[in-house]
Amino acid sequence: MSELFTYRKRVITPQDIDYLTKLIADNPQKSRNALSIMVCHEWNWVQPNGVLKDGVCRGLMLKLHRDGLIKLPARKKPFTGGRQSQRTIRKPDIDTTPIHATVKKLQPIEMRQVRRTQHEKLFNGLVEHYHYLGYTQPVGEHLKYIFFSAERPIACFAFASAPYKLLHRDRFIGWSTETLERNRHLLAYNSRFLVLPWIHVPHLASHLLGKCAGTISEDWQTVYQHPIYWLETFVDTERFKGTCYRAANWQFLGNTSGRGKYNKTQAQLTSIKAMYGLPLVKDFRKMLCQC
């Protein structure tokens with residue numbers, strides 16, 4: 001059986017292309033989403049917790065479609081680039097009275113993991129309307145947190161699957177390409193960080209980062225049946241200094257070049273990002289580099 005390429009640990013063969021071509025032809029009324037679900041069941045493409053790898057499968061099928069290897073049916077909904085329309089994410093109706101206090105006076109601060117809960121829409125709305133990047137639906141493993149004080153939301157953090165290859169991180173960890181491929185799921189990326197703009201509390205951000213570090217591995221284990229040993233993020237150096245990450249013991253790993261992911265030139269097209277990482281266990285290299 002010949003091999004075309006490997007996609008997210010699955011070897012893609014000409015026989016797979018034949019299967020997908022026949023599946024699409026035999027189900028002309030099915031949507032792209034419905035087809036990807038059928039493929040996941042056929043290939044047993046599931047996460048450790050049994051949830052279908054539907055987003056990964058859709059990504060593969062779109063790649064094959066763009067490469068001319070299969071022909072997907074027309075989209076039933078307009079493409080939004082993974083971002084929901086602001087019209088569908090309502091601005092939350094919450095108390096925005098400014099809070100000027102200390103971390104001590106804000107206690108008790110409650111941290112809630114809100115993915116798949118009644119508070120997930122609140123999280124999405126807060127990030128959409130108060131984070132400078134807005135809300136984008138994560139693909140793959142991810143968790144969402146809202147911090148509350150006296151039942152008022154004060155901050156939102158999101159963590160998602162880590163990017164594949166990152167020069168500074170991979171050098172710091174010291175793992176091989178094969179080990180990276182096998183153990184990348186043991187990393188999480190802090191994709192959104194939002195302290196609501198009417199909350200004025202010195203040192204709050206670093207305090208909340210510490211609370212995340214103390215519980216996220218256990219939460220990931222609960223949802224995805226595996227722990228997390230490392231956290232990472234990028235900080236836009238044109239907007240932020242990264243002070244709260246350093247105060248929470250995250251390590252500066254290096255700056256990006258600003259060329260962007262798909263730029264084939266040497267020109268800087270995006271802002272420089274500072275990369276930070278946080279080991280969650282002392283023997284993180286052993287845990288991440290083991291076969």
# chains A, B, ... in the order shown; residues from 1 in each chain; ligands from 1

call {"tool": "select_by_dssp", "arguments": {"residues": "range 53-112 of chain A", "states": "strand (DSSP E or B)", "output": "PyMOL selection string"}}
result
chain A and resi 99-100+109-112

call {"tool": "residues_around", "arguments": {"residues": "Arg184 in chain A", "least_positions_apart": "3", "cutoff": "12 Å", "atoms": "only C-alpha atoms", "output": "ChimeraX atom specification"}}
result
/A:8-9,141,160-166,169-170,173,175-181,187-189,226-232,287-290

call {"tool": "write_last_selection", "arguments": {"atoms": "N, CA and C atoms", "output": "compact mmCIF listing (two decimals), in the first residue's frame"}}
result
# COMPACT_ATOMS: atom_id res chain seq x y z
N ARG A 8 -1.84 14.60 10.49
CA ARG A 8 -2.20 14.46 11.90
C ARG A 8 -2.11 13.00 12.34
N LYS A 9 -0.96 12.42 12.06
CA LYS A 9 -0.58 11.06 12.47
C LYS A 9 -1.25 9.95 11.65
N GLU A 141 -8.56 19.86 20.77
CA GLU A 141 -8.73 19.90 22.22
C GLU A 141 -8.62 21.34 22.72
N ALA A 160 -5.77 25.82 24.14
CA ALA A 160 -6.07 24.93 23.01
C ALA A 160 -4.87 24.06 22.69
N SER A 161 -5.04 23.19 21.71
CA SER A 161 -3.94 22.35 21.26
C SER A 161 -2.78 23.22 20.80
N ALA A 162 -1.56 22.82 21.14
CA ALA A 162 -0.38 23.61 20.82
C ALA A 162 -0.04 23.53 19.34
N PRO A 163 0.55 24.60 18.78
CA PRO A 163 1.01 24.56 17.39
C PRO A 163 2.02 23.43 17.18
N TYR A 164 2.17 23.02 15.93
CA TYR A 164 3.00 21.84 15.65
C TYR A 164 4.48 22.13 15.87
N LYS A 165 5.09 22.92 15.01
CA LYS A 165 6.52 23.18 15.13
C LYS A 165 6.76 24.64 15.53
N LEU A 166 7.48 24.83 16.64
CA LEU A 166 7.87 26.16 17.09
C LEU A 166 9.35 26.09 17.46
N ARG A 169 10.47 26.84 21.22
CA ARG A 169 9.97 25.83 22.14
C ARG A 169 10.66 24.50 21.95
N ASP A 170 10.76 24.08 20.70
CA ASP A 170 11.31 22.75 20.42
C ASP A 170 12.78 22.66 20.82
N ILE A 173 12.78 22.43 24.76
CA ILE A 173 12.40 21.09 25.25
C ILE A 173 13.45 20.06 24.85
N TRP A 175 13.31 17.95 22.10
CA TRP A 175 12.80 16.69 21.59
C TRP A 175 13.02 16.56 20.09
N SER A 176 12.92 15.34 19.61
CA SER A 176 13.07 15.05 18.18
C SER A 176 11.75 15.28 17.47
N THR A 177 11.80 15.30 16.14
CA THR A 177 10.58 15.46 15.36
C THR A 177 9.60 14.33 15.64
N GLU A 178 10.14 13.12 15.80
CA GLU A 178 9.28 11.96 16.06
C GLU A 178 8.60 12.07 17.42
N THR A 179 9.37 12.52 18.42
CA THR A 179 8.79 12.66 19.75
C THR A 179 7.78 13.79 19.79
N LEU A 180 8.06 14.88 19.08
CA LEU A 180 7.10 15.98 18.96
C LEU A 180 5.79 15.49 18.37
N GLU A 181 5.88 14.71 17.33
CA GLU A 181 4.68 14.18 16.68
C GLU A 181 3.88 13.31 17.64
N LEU A 187 0.92 19.25 25.46
CA LEU A 187 1.14 20.69 25.55
C LEU A 187 -0.18 21.41 25.34
N ALA A 188 -0.30 22.60 25.90
CA ALA A 188 -1.49 23.43 25.66
C ALA A 188 -1.05 24.87 25.42
N TYR A 189 -1.80 25.53 24.55
CA TYR A 189 -1.49 26.89 24.10
C TYR A 189 -2.52 27.87 24.66
N HIS A 226 -5.98 12.69 29.32
CA HIS A 226 -4.52 12.75 29.39
C HIS A 226 -4.13 14.07 30.05
N PRO A 227 -2.96 14.11 30.70
CA PRO A 227 -2.53 15.32 31.40
C PRO A 227 -1.87 16.33 30.45
N ILE A 228 -1.49 17.48 31.01
CA ILE A 228 -0.73 18.51 30.32
C ILE A 228 0.53 18.76 31.14
N TYR A 229 1.69 18.83 30.47
CA TYR A 229 2.95 19.05 31.17
C TYR A 229 3.59 20.40 30.84
N TRP A 230 3.02 21.14 29.90
CA TRP A 230 3.66 22.37 29.44
C TRP A 230 2.61 23.32 28.90
N LEU A 231 2.73 24.61 29.24
CA LEU A 231 1.88 25.66 28.68
C LEU A 231 2.74 26.63 27.88
N GLU A 232 2.15 27.24 26.85
CA GLU A 232 2.89 28.20 26.04
C GLU A 232 1.95 29.26 25.50
N MET A 287 9.13 13.68 30.65
CA MET A 287 7.76 13.30 30.32
C MET A 287 7.46 13.56 28.85
N LEU A 288 8.01 14.66 28.29
CA LEU A 288 7.71 15.03 26.91
C LEU A 288 8.59 14.29 25.90
N CYS A 289 9.77 13.91 26.29
CA CYS A 289 10.71 13.29 25.35
C CYS A 289 10.71 11.77 25.40
N GLN A 290 9.89 11.19 26.27
CA GLN A 290 9.87 9.74 26.37
C GLN A 290 9.18 9.13 25.16

call {"tool": "atom_distance", "arguments": {"atom1": "CA of Gly214 in chain A", "atom2": "CA of Leu280 in chain A"}}
result
8.2 Å

call {"tool": "residues_around", "arguments": {"residues": "Ile17 in chain A", "least_positions_apart": "5", "cutoff": "9 Å", "atoms": "only C-alpha atoms", "output": "ChimeraX atom specification"}}
result
/A:12,22,64,69-70
